[in-house]
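Listing of upload-v8.cif, mmCIF, N, CA and C atoms
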```
data_start
#
loop_
_atom_site.label_atom_id
_atom_site.label_comp_id
_atom_site.auth_asym_id
_atom_site.auth_seq_id
_atom_site.Cartn_x
_atom_site.Cartn_y
_atom_site.Cartn_z
N MET A 194 156.93 114.25 113.28
CA MET A 194 156.89 112.82 113.04
C MET A 194 157.20 112.52 111.57
N LEU A 195 156.52 113.22 110.67
CA LEU A 195 156.73 113.01 109.25
C LEU A 195 158.15 113.39 108.85
N LEU A 196 158.66 114.48 109.41
CA LEU A 196 159.99 114.94 109.06
C LEU A 196 161.06 113.95 109.51
N ARG A 197 160.86 113.35 110.68
CA ARG A 197 161.84 112.38 111.17
C ARG A 197 161.86 111.13 110.27
N GLY A 198 160.69 110.68 109.85
CA GLY A 198 160.62 109.52 108.96
C GLY A 198 161.24 109.81 107.60
N LEU A 199 160.95 110.99 107.05
CA LEU A 199 161.56 111.37 105.78
C LEU A 199 163.08 111.50 105.92
N SER A 200 163.53 111.96 107.08
CA SER A 200 164.98 112.07 107.31
C SER A 200 165.63 110.70 107.29
N TRP A 201 164.98 109.70 107.87
CA TRP A 201 165.51 108.33 107.83
C TRP A 201 165.60 107.81 106.40
N LEU A 202 164.56 108.07 105.61
CA LEU A 202 164.56 107.62 104.22
C LEU A 202 165.66 108.29 103.42
N VAL A 203 165.83 109.59 103.60
CA VAL A 203 166.87 110.32 102.88
C VAL A 203 168.26 109.89 103.36
N LEU A 204 168.41 109.64 104.65
CA LEU A 204 169.69 109.17 105.18
C LEU A 204 170.07 107.83 104.58
N CYS A 205 169.12 106.91 104.47
CA CYS A 205 169.42 105.61 103.87
C CYS A 205 169.81 105.76 102.41
N GLN A 206 169.11 106.64 101.68
CA GLN A 206 169.47 106.86 100.29
C GLN A 206 170.85 107.50 100.18
N LEU A 207 171.17 108.43 101.07
CA LEU A 207 172.48 109.07 101.05
C LEU A 207 173.58 108.07 101.36
N LEU A 208 173.37 107.21 102.35
CA LEU A 208 174.36 106.17 102.66
C LEU A 208 174.53 105.22 101.49
N GLY A 209 173.43 104.89 100.83
CA GLY A 209 173.51 104.03 99.66
C GLY A 209 174.31 104.67 98.54
N THR A 210 174.14 105.96 98.35
CA THR A 210 174.90 106.67 97.32
C THR A 210 176.38 106.72 97.66
N VAL A 211 176.69 106.92 98.94
CA VAL A 211 178.10 106.93 99.36
C VAL A 211 178.73 105.57 99.12
N ILE A 212 178.02 104.50 99.49
CA ILE A 212 178.54 103.15 99.26
C ILE A 212 178.68 102.89 97.77
N ASN A 213 177.75 103.40 96.98
CA ASN A 213 177.81 103.25 95.53
C ASN A 213 179.07 103.90 94.97
N VAL A 214 179.36 105.10 95.41
CA VAL A 214 180.51 105.83 94.88
C VAL A 214 181.82 105.21 95.35
N LEU A 215 181.87 104.78 96.61
CA LEU A 215 183.13 104.29 97.17
C LEU A 215 183.39 102.81 96.90
N LEU A 216 182.35 101.97 96.96
CA LEU A 216 182.59 100.53 96.94
C LEU A 216 181.91 99.76 95.81
N LEU A 217 180.66 100.07 95.53
CA LEU A 217 179.87 99.26 94.59
C LEU A 217 179.33 100.10 93.44
N PRO A 218 180.15 100.43 92.47
CA PRO A 218 179.65 101.27 91.38
C PRO A 218 178.67 100.55 90.45
N MET A 219 178.57 99.22 90.57
CA MET A 219 177.67 98.51 89.67
C MET A 219 176.21 98.52 90.13
N LEU A 220 175.94 98.87 91.39
CA LEU A 220 174.59 98.96 91.91
C LEU A 220 174.20 100.43 92.12
N PRO A 221 172.98 100.81 91.79
CA PRO A 221 172.56 102.19 92.03
C PRO A 221 172.49 102.50 93.53
N GLY A 222 172.83 103.72 93.88
CA GLY A 222 172.82 104.15 95.28
C GLY A 222 171.48 104.00 95.97
N PRO A 223 170.37 104.40 95.32
CA PRO A 223 169.07 104.23 96.00
C PRO A 223 168.73 102.77 96.29
N ILE A 224 169.16 101.85 95.43
CA ILE A 224 168.91 100.42 95.68
C ILE A 224 169.70 99.96 96.89
N ILE A 225 170.94 100.39 96.98
CA ILE A 225 171.76 100.04 98.16
C ILE A 225 171.13 100.63 99.41
N GLY A 226 170.66 101.88 99.32
CA GLY A 226 169.99 102.52 100.46
C GLY A 226 168.74 101.76 100.87
N MET A 227 167.98 101.27 99.89
CA MET A 227 166.78 100.51 100.21
C MET A 227 167.15 99.19 100.91
N LEU A 228 168.23 98.56 100.46
CA LEU A 228 168.69 97.35 101.13
C LEU A 228 169.17 97.65 102.56
N LEU A 229 169.84 98.77 102.74
CA LEU A 229 170.26 99.16 104.08
C LEU A 229 169.06 99.39 105.00
N LEU A 230 168.04 100.05 104.47
CA LEU A 230 166.82 100.27 105.24
C LEU A 230 166.15 98.94 105.58
N PHE A 231 166.13 98.02 104.61
CA PHE A 231 165.55 96.70 104.85
C PHE A 231 166.29 95.95 105.96
N VAL A 232 167.61 95.97 105.91
CA VAL A 232 168.41 95.30 106.94
C VAL A 232 168.18 95.95 108.30
N PHE A 233 168.12 97.27 108.32
CA PHE A 233 167.87 97.99 109.58
C PHE A 233 166.52 97.59 110.17
N LEU A 234 165.49 97.52 109.32
CA LEU A 234 164.16 97.16 109.81
C LEU A 234 164.10 95.70 110.24
N MET A 235 164.84 94.83 109.55
CA MET A 235 164.87 93.42 109.95
C MET A 235 165.55 93.26 111.30
N LEU A 236 166.64 93.98 111.51
CA LEU A 236 167.33 93.89 112.79
C LEU A 236 166.50 94.50 113.91
N ARG A 237 165.79 95.56 113.61
CA ARG A 237 164.96 96.22 114.61
C ARG A 237 163.72 95.41 114.94
N GLY A 238 163.17 94.74 113.93
CA GLY A 238 162.02 93.89 114.15
C GLY A 238 160.68 94.57 113.99
N GLU A 239 160.66 95.87 113.77
CA GLU A 239 159.41 96.59 113.59
C GLU A 239 159.67 97.88 112.83
N VAL A 240 158.60 98.42 112.27
CA VAL A 240 158.68 99.71 111.59
C VAL A 240 158.18 100.76 112.57
N GLY A 241 159.03 101.72 112.88
CA GLY A 241 158.65 102.77 113.82
C GLY A 241 157.56 103.67 113.26
N GLU A 242 156.90 104.38 114.14
CA GLU A 242 155.80 105.25 113.71
C GLU A 242 156.25 106.36 112.77
N PRO A 243 157.40 107.04 113.01
CA PRO A 243 157.81 108.09 112.07
C PRO A 243 158.03 107.56 110.65
N LEU A 244 158.66 106.40 110.55
CA LEU A 244 158.92 105.81 109.23
C LEU A 244 157.62 105.34 108.58
N SER A 245 156.72 104.82 109.38
CA SER A 245 155.43 104.38 108.86
C SER A 245 154.61 105.56 108.33
N VAL A 246 154.60 106.66 109.07
CA VAL A 246 153.85 107.85 108.63
C VAL A 246 154.46 108.41 107.34
N ALA A 247 155.78 108.47 107.29
CA ALA A 247 156.44 109.03 106.10
C ALA A 247 156.21 108.14 104.88
N SER A 248 156.33 106.85 105.05
CA SER A 248 156.17 105.96 103.90
C SER A 248 154.73 105.91 103.42
N SER A 249 153.77 105.94 104.35
CA SER A 249 152.37 105.91 103.91
C SER A 249 151.98 107.21 103.22
N SER A 250 152.59 108.32 103.61
CA SER A 250 152.28 109.57 102.92
C SER A 250 152.91 109.59 101.52
N LEU A 251 154.04 108.91 101.35
CA LEU A 251 154.66 108.84 100.02
C LEU A 251 153.95 107.85 99.11
N LEU A 252 153.30 106.85 99.67
CA LEU A 252 152.62 105.85 98.85
C LEU A 252 151.47 106.43 98.05
N LYS A 253 150.93 107.55 98.48
CA LYS A 253 149.85 108.20 97.72
C LYS A 253 150.32 108.60 96.33
N TYR A 254 151.61 108.88 96.20
CA TYR A 254 152.16 109.36 94.94
C TYR A 254 152.82 108.26 94.11
N LEU A 255 152.69 107.02 94.52
CA LEU A 255 153.30 105.90 93.82
C LEU A 255 152.84 105.77 92.36
N PRO A 256 151.56 106.00 92.04
CA PRO A 256 151.16 105.90 90.62
C PRO A 256 151.89 106.88 89.70
N LEU A 257 152.40 107.97 90.24
CA LEU A 257 153.13 108.92 89.39
C LEU A 257 154.42 108.32 88.84
N ILE A 258 154.91 107.25 89.47
CA ILE A 258 156.13 106.60 88.99
C ILE A 258 155.88 105.95 87.63
N LEU A 259 154.63 105.62 87.33
CA LEU A 259 154.31 104.96 86.07
C LEU A 259 154.21 105.93 84.90
N VAL A 260 154.20 107.23 85.15
CA VAL A 260 154.07 108.20 84.07
C VAL A 260 155.31 108.22 83.16
N PRO A 261 156.54 108.30 83.67
CA PRO A 261 157.70 108.33 82.76
C PRO A 261 157.83 107.09 81.87
N PRO A 262 157.61 105.87 82.38
CA PRO A 262 157.67 104.73 81.44
C PRO A 262 156.60 104.80 80.36
N ALA A 263 155.40 105.26 80.71
CA ALA A 263 154.34 105.37 79.71
C ALA A 263 154.72 106.39 78.63
N VAL A 264 155.30 107.50 79.04
CA VAL A 264 155.74 108.51 78.07
C VAL A 264 156.87 107.93 77.21
N GLY A 265 157.77 107.17 77.81
CA GLY A 265 158.85 106.55 77.05
C GLY A 265 158.34 105.57 76.02
N VAL A 266 157.33 104.79 76.39
CA VAL A 266 156.75 103.85 75.42
C VAL A 266 156.13 104.60 74.26
N MET A 267 155.45 105.69 74.55
CA MET A 267 154.82 106.47 73.47
C MET A 267 155.88 107.18 72.61
N ALA A 268 156.93 107.67 73.24
CA ALA A 268 157.94 108.42 72.49
C ALA A 268 158.80 107.50 71.62
N TYR A 269 159.05 106.29 72.11
CA TYR A 269 159.93 105.36 71.38
C TYR A 269 159.16 104.17 70.84
N ALA A 270 157.92 104.38 70.47
CA ALA A 270 157.08 103.28 69.97
C ALA A 270 157.68 102.66 68.70
N SER A 271 158.24 103.47 67.83
CA SER A 271 158.81 102.93 66.58
C SER A 271 160.05 102.07 66.87
N ASP A 272 160.89 102.49 67.82
CA ASP A 272 162.06 101.69 68.19
C ASP A 272 161.65 100.38 68.85
N ILE A 273 160.64 100.45 69.69
CA ILE A 273 160.15 99.23 70.35
C ILE A 273 159.55 98.29 69.31
N ALA A 274 158.81 98.85 68.33
CA ALA A 274 158.21 98.02 67.29
C ALA A 274 159.29 97.38 66.42
N ALA A 275 160.40 98.08 66.20
CA ALA A 275 161.48 97.52 65.39
C ALA A 275 162.12 96.32 66.07
N ASP A 276 162.20 96.35 67.38
CA ASP A 276 162.79 95.25 68.14
C ASP A 276 161.73 94.47 68.91
N PHE A 277 160.55 94.34 68.32
CA PHE A 277 159.41 93.75 69.02
C PHE A 277 159.71 92.36 69.56
N TRP A 278 160.26 91.49 68.73
CA TRP A 278 160.47 90.10 69.17
C TRP A 278 161.56 90.00 70.24
N ALA A 279 162.55 90.88 70.19
CA ALA A 279 163.56 90.89 71.24
C ALA A 279 162.95 91.33 72.57
N VAL A 280 162.07 92.33 72.51
CA VAL A 280 161.40 92.81 73.73
C VAL A 280 160.49 91.72 74.28
N VAL A 281 159.73 91.08 73.41
CA VAL A 281 158.84 90.00 73.86
C VAL A 281 159.65 88.85 74.44
N GLY A 282 160.75 88.49 73.79
CA GLY A 282 161.60 87.40 74.30
C GLY A 282 162.17 87.73 75.67
N ALA A 283 162.62 88.96 75.85
CA ALA A 283 163.17 89.36 77.15
C ALA A 283 162.09 89.35 78.22
N LEU A 284 160.89 89.79 77.88
CA LEU A 284 159.79 89.79 78.85
C LEU A 284 159.39 88.37 79.23
N VAL A 285 159.30 87.49 78.26
CA VAL A 285 158.92 86.10 78.55
C VAL A 285 160.00 85.42 79.37
N LEU A 286 161.25 85.62 79.01
CA LEU A 286 162.35 85.01 79.76
C LEU A 286 162.38 85.52 81.20
N SER A 287 162.22 86.83 81.39
CA SER A 287 162.22 87.37 82.75
C SER A 287 161.02 86.87 83.54
N LEU A 288 159.88 86.70 82.88
CA LEU A 288 158.71 86.14 83.55
C LEU A 288 158.97 84.72 84.02
N LEU A 289 159.55 83.90 83.16
CA LEU A 289 159.81 82.50 83.53
C LEU A 289 160.83 82.40 84.67
N VAL A 290 161.88 83.21 84.60
CA VAL A 290 162.90 83.17 85.65
C VAL A 290 162.32 83.64 86.98
N SER A 291 161.56 84.73 86.96
CA SER A 291 160.98 85.23 88.21
C SER A 291 159.93 84.28 88.76
N LEU A 292 159.17 83.63 87.90
CA LEU A 292 158.18 82.66 88.34
C LEU A 292 158.85 81.45 88.99
N ALA A 293 159.92 80.96 88.38
CA ALA A 293 160.65 79.83 88.95
C ALA A 293 161.27 80.22 90.29
N PHE A 294 161.84 81.42 90.37
CA PHE A 294 162.44 81.86 91.62
C PHE A 294 161.39 82.03 92.72
N ALA A 295 160.24 82.60 92.36
CA ALA A 295 159.17 82.78 93.36
C ALA A 295 158.67 81.43 93.87
N GLY A 296 158.53 80.46 92.98
CA GLY A 296 158.12 79.11 93.41
C GLY A 296 159.14 78.47 94.32
N TRP A 297 160.42 78.58 93.95
CA TRP A 297 161.48 78.01 94.78
C TRP A 297 161.52 78.67 96.16
N LEU A 298 161.41 80.00 96.16
CA LEU A 298 161.43 80.74 97.42
C LEU A 298 160.24 80.38 98.29
N MET A 299 159.09 80.22 97.69
CA MET A 299 157.89 79.85 98.45
C MET A 299 158.06 78.47 99.08
N GLN A 300 158.64 77.53 98.35
CA GLN A 300 158.87 76.20 98.90
C GLN A 300 159.83 76.26 100.09
N LYS A 301 160.88 77.06 99.97
CA LYS A 301 161.83 77.20 101.07
C LYS A 301 161.15 77.83 102.30
N LEU A 302 160.31 78.82 102.07
CA LEU A 302 159.63 79.46 103.20
C LEU A 302 158.62 78.51 103.85
N ILE A 303 157.94 77.70 103.06
CA ILE A 303 157.01 76.71 103.62
C ILE A 303 157.77 75.68 104.45
N GLU A 304 158.90 75.20 103.93
CA GLU A 304 159.72 74.25 104.69
C GLU A 304 160.21 74.87 105.99
N ARG A 305 160.62 76.10 105.94
CA ARG A 305 161.10 76.79 107.14
C ARG A 305 159.98 76.94 108.16
N GLN A 306 158.79 77.30 107.70
CA GLN A 306 157.67 77.44 108.62
C GLN A 306 157.29 76.09 109.25
N GLN A 307 157.34 75.02 108.47
CA GLN A 307 157.03 73.70 109.01
C GLN A 307 158.07 73.26 110.03
N ARG A 308 159.32 73.58 109.80
CA ARG A 308 160.38 73.25 110.78
C ARG A 308 160.15 74.00 112.07
N GLN A 309 159.74 75.27 111.98
CA GLN A 309 159.49 76.05 113.19
C GLN A 309 158.27 75.54 113.95
N GLU A 310 157.26 75.06 113.23
CA GLU A 310 156.08 74.53 113.89
C GLU A 310 156.36 73.19 114.54
N ASP A 311 157.29 72.41 113.98
CA ASP A 311 157.63 71.10 114.55
C ASP A 311 158.44 71.21 115.83
N VAL A 312 159.14 72.32 115.98
CA VAL A 312 160.01 72.48 117.17
C VAL A 312 159.22 72.80 118.40
#
```

Exercise: express the given structure as structure tokens:
Amino acid sequence: MLLRGLSWLVLCQLLGTVINVLLLPMLPGPIIGMLLLFVFLMLRGEVGEPLSVASSSLLKYLPLILVPPAVGVMAYASDIAADFWAVVGALVLSLLVSLAFAGWLMQKLIERQQRQEDV
């Protein structure tokens, strides 16, 4: 069960890498693979048991993803301090853009849900 789910995840990443090399060099292959997996799951309408088992077993190791950025911050602290205001400006700008997008998306989803309830 676990092996089949992991095979699906690796297959999606492999397809994403192939599409990256052949068609879309500006997007990373794993991101394309994740979008392919998302589309597959949306079309299917449910997450199968093998994929659910594989993904839940991988989620235990998710905090390890935060280790490399933390090491990078410590290793390049002087460079980050030199460009402190640029980093702060980029973070604030990205926060405002993502907040506005999340609000807009939430409004669209609420409108969509109300239309479905009215029908």

Which neighbours of range 227-242 of chain A fall inside 8 Å, counting all atoms listed in the file, when residues of the same chain fewer than 4 positions from it are skipped, and could you give them as a list in words?
Met194, Leu195, Arg197, Gly198, Trp201, Leu202, Cys205, Gln206, Leu207, Leu208, Gly209, Thr210, Pro221, Gly222, Pro223, Val246, Ala247 and Ser248 of chain A

Take the selection from the previous step and output its residues with N, CA and C atoms, as a PDB file, in the frame of the given file.
```
ATOM      1  N   MET A 194     156.930 114.250 113.280  1.00  0.00           N
ATOM      2  CA  MET A 194     156.890 112.820 113.040  1.00  0.00           C
ATOM      3  C   MET A 194     157.200 112.520 111.570  1.00  0.00           C
ATOM      4  N   LEU A 195     156.520 113.220 110.670  1.00  0.00           N
ATOM      5  CA  LEU A 195     156.730 113.010 109.250  1.00  0.00           C
ATOM      6  C   LEU A 195     158.150 113.390 108.850  1.00  0.00           C
ATOM      7  N   ARG A 197     160.860 113.350 110.680  1.00  0.00           N
ATOM      8  CA  ARG A 197     161.840 112.380 111.170  1.00  0.00           C
ATOM      9  C   ARG A 197     161.860 111.130 110.270  1.00  0.00           C
ATOM     10  N   GLY A 198     160.690 110.680 109.850  1.00  0.00           N
ATOM     11  CA  GLY A 198     160.620 109.520 108.960  1.00  0.00           C
ATOM     12  C   GLY A 198     161.240 109.810 107.600  1.00  0.00           C
ATOM     13  N   TRP A 201     164.980 109.700 107.870  1.00  0.00           N
ATOM     14  CA  TRP A 201     165.510 108.330 107.830  1.00  0.00           C
ATOM     15  C   TRP A 201     165.600 107.810 106.400  1.00  0.00           C
ATOM     16  N   LEU A 202     164.560 108.070 105.610  1.00  0.00           N
ATOM     17  CA  LEU A 202     164.560 107.620 104.220  1.00  0.00           C
ATOM     18  C   LEU A 202     165.660 108.290 103.420  1.00  0.00           C
ATOM     19  N   CYS A 205     169.120 106.910 104.470  1.00  0.00           N
ATOM     20  CA  CYS A 205     169.420 105.610 103.870  1.00  0.00           C
ATOM     21  C   CYS A 205     169.810 105.760 102.410  1.00  0.00           C
ATOM     22  N   GLN A 206     169.110 106.640 101.680  1.00  0.00           N
ATOM     23  CA  GLN A 206     169.470 106.860 100.290  1.00  0.00           C
ATOM     24  C   GLN A 206     170.850 107.500 100.180  1.00  0.00           C
ATOM     25  N   LEU A 207     171.170 108.430 101.070  1.00  0.00           N
ATOM     26  CA  LEU A 207     172.480 109.070 101.050  1.00  0.00           C
ATOM     27  C   LEU A 207     173.580 108.070 101.360  1.00  0.00           C
ATOM     28  N   LEU A 208     173.370 107.210 102.350  1.00  0.00           N
ATOM     29  CA  LEU A 208     174.360 106.170 102.660  1.00  0.00           C
ATOM     30  C   LEU A 208     174.530 105.220 101.490  1.00  0.00           C
ATOM     31  N   GLY A 209     173.430 104.890 100.830  1.00  0.00           N
ATOM     32  CA  GLY A 209     173.510 104.030  99.660  1.00  0.00           C
ATOM     33  C   GLY A 209     174.310 104.670  98.540  1.00  0.00           C
ATOM     34  N   THR A 210     174.140 105.960  98.350  1.00  0.00           N
ATOM     35  CA  THR A 210     174.900 106.670  97.320  1.00  0.00           C
ATOM     36  C   THR A 210     176.380 106.720  97.660  1.00  0.00           C
ATOM     37  N   PRO A 221     172.980 100.810  91.790  1.00  0.00           N
ATOM     38  CA  PRO A 221     172.560 102.190  92.030  1.00  0.00           C
ATOM     39  C   PRO A 221     172.490 102.500  93.530  1.00  0.00           C
ATOM     40  N   GLY A 222     172.830 103.720  93.880  1.00  0.00           N
ATOM     41  CA  GLY A 222     172.820 104.150  95.280  1.00  0.00           C
ATOM     42  C   GLY A 222     171.480 104.000  95.970  1.00  0.00           C
ATOM     43  N   PRO A 223     170.370 104.400  95.320  1.00  0.00           N
ATOM     44  CA  PRO A 223     169.070 104.230  96.000  1.00  0.00           C
ATOM     45  C   PRO A 223     168.730 102.770  96.290  1.00  0.00           C
ATOM     46  N   VAL A 246     154.600 106.660 109.070  1.00  0.00           N
ATOM     47  CA  VAL A 246     153.850 107.850 108.630  1.00  0.00           C
ATOM     48  C   VAL A 246     154.460 108.410 107.340  1.00  0.00           C
ATOM     49  N   ALA A 247     155.780 108.470 107.290  1.00  0.00           N
ATOM     50  CA  ALA A 247     156.440 109.030 106.100  1.00  0.00           C
ATOM     51  C   ALA A 247     156.210 108.140 104.880  1.00  0.00           C
ATOM     52  N   SER A 248     156.330 106.850 105.050  1.00  0.00           N
ATOM     53  CA  SER A 248     156.170 105.960 103.900  1.00  0.00           C
ATOM     54  C   SER A 248     154.730 105.910 103.420  1.00  0.00           C
TER      55      SER A 248
END
```

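For the atom pair formed by atom N of Ile225 in chain A and atom N of Asn213 in chain A, the distance is 7.4 Å, given to one decimal.
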
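Between CA of Leu252 in chain A and CA of Leu196 in chain A there is a distance of 15.5 Å.
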
Using all atoms listed in the file, find each residue in range 258-286 of chain A having at least one atom no more than 8 Å away from range 290-307 of chain A; report its shortest atom-to-atom pair and that distance in Å (one decimal), rows by chain then rising number, as a Markdown table.
```
| residue | atom | partner | partner_atom | distance |
| --- | --- | --- | --- | --- |
| A:Leu284 | C | A:Val290 | N | 7.9 |
| A:Val285 | C | A:Val290 | N | 6.0 |
| A:Leu286 | C | A:Val290 | N | 4.1 |
```

Same residues, N, CA and C atoms, saved as a short mmCIF file (atom, residue, chain, number, x, y, z; two decimals), in the coordinates of the input:
```
data_model
loop_
_atom_site.label_atom_id
_atom_site.label_comp_id
_atom_site.auth_asym_id
_atom_site.auth_seq_id
_atom_site.Cartn_x
_atom_site.Cartn_y
_atom_site.Cartn_z
N LEU A 284 160.89 89.79 77.88
CA LEU A 284 159.79 89.79 78.85
C LEU A 284 159.39 88.37 79.23
N VAL A 285 159.30 87.49 78.26
CA VAL A 285 158.92 86.10 78.55
C VAL A 285 160.00 85.42 79.37
N LEU A 286 161.25 85.62 79.01
CA LEU A 286 162.35 85.01 79.76
C LEU A 286 162.38 85.52 81.20
#
```

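Picture a line from atom C of Gly265 in chain A to atom C of Leu220 in chain A; it runs 23.2 Å.
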
Selecting N, CA and C atoms, how would range 282-297 of chain A from this structure be written as a short mmCIF file (atom, residue, chain, number, x, y, z; two decimals), in the first residue's frame?
```
data_model
loop_
_atom_site.label_atom_id
_atom_site.label_comp_id
_atom_site.auth_asym_id
_atom_site.auth_seq_id
_atom_site.Cartn_x
_atom_site.Cartn_y
_atom_site.Cartn_z
N GLY A 282 11.28 44.83 3.26
CA GLY A 282 10.35 45.35 2.24
C GLY A 282 9.75 44.24 1.41
N ALA A 283 10.57 43.28 1.01
CA ALA A 283 10.05 42.15 0.22
C ALA A 283 9.07 41.32 1.03
N LEU A 284 9.37 41.11 2.31
CA LEU A 284 8.47 40.33 3.16
C LEU A 284 7.14 41.04 3.37
N VAL A 285 7.19 42.34 3.61
CA VAL A 285 5.95 43.10 3.82
C VAL A 285 5.13 43.15 2.54
N LEU A 286 5.79 43.38 1.42
CA LEU A 286 5.07 43.41 0.14
C LEU A 286 4.43 42.07 -0.18
N SER A 287 5.16 40.98 0.03
CA SER A 287 4.59 39.66 -0.23
C SER A 287 3.45 39.35 0.73
N LEU A 288 3.56 39.81 1.97
CA LEU A 288 2.47 39.63 2.92
C LEU A 288 1.22 40.36 2.46
N LEU A 289 1.36 41.60 2.04
CA LEU A 289 0.20 42.38 1.60
C LEU A 289 -0.45 41.79 0.36
N VAL A 290 0.37 41.35 -0.59
CA VAL A 290 -0.18 40.77 -1.82
C VAL A 290 -0.89 39.46 -1.52
N SER A 291 -0.29 38.61 -0.70
CA SER A 291 -0.93 37.33 -0.38
C SER A 291 -2.19 37.53 0.46
N LEU A 292 -2.19 38.51 1.34
CA LEU A 292 -3.37 38.80 2.14
C LEU A 292 -4.52 39.29 1.26
N ALA A 293 -4.21 40.18 0.32
CA ALA A 293 -5.24 40.68 -0.59
C ALA A 293 -5.77 39.55 -1.47
N PHE A 294 -4.88 38.69 -1.95
CA PHE A 294 -5.32 37.57 -2.78
C PHE A 294 -6.18 36.60 -1.99
N ALA A 295 -5.78 36.30 -0.76
CA ALA A 295 -6.56 35.38 0.07
C ALA A 295 -7.96 35.95 0.35
N GLY A 296 -8.04 37.25 0.62
CA GLY A 296 -9.35 37.88 0.83
C GLY A 296 -10.22 37.83 -0.41
N TRP A 297 -9.62 38.14 -1.57
CA TRP A 297 -10.37 38.09 -2.82
C TRP A 297 -10.86 36.67 -3.11
#
```
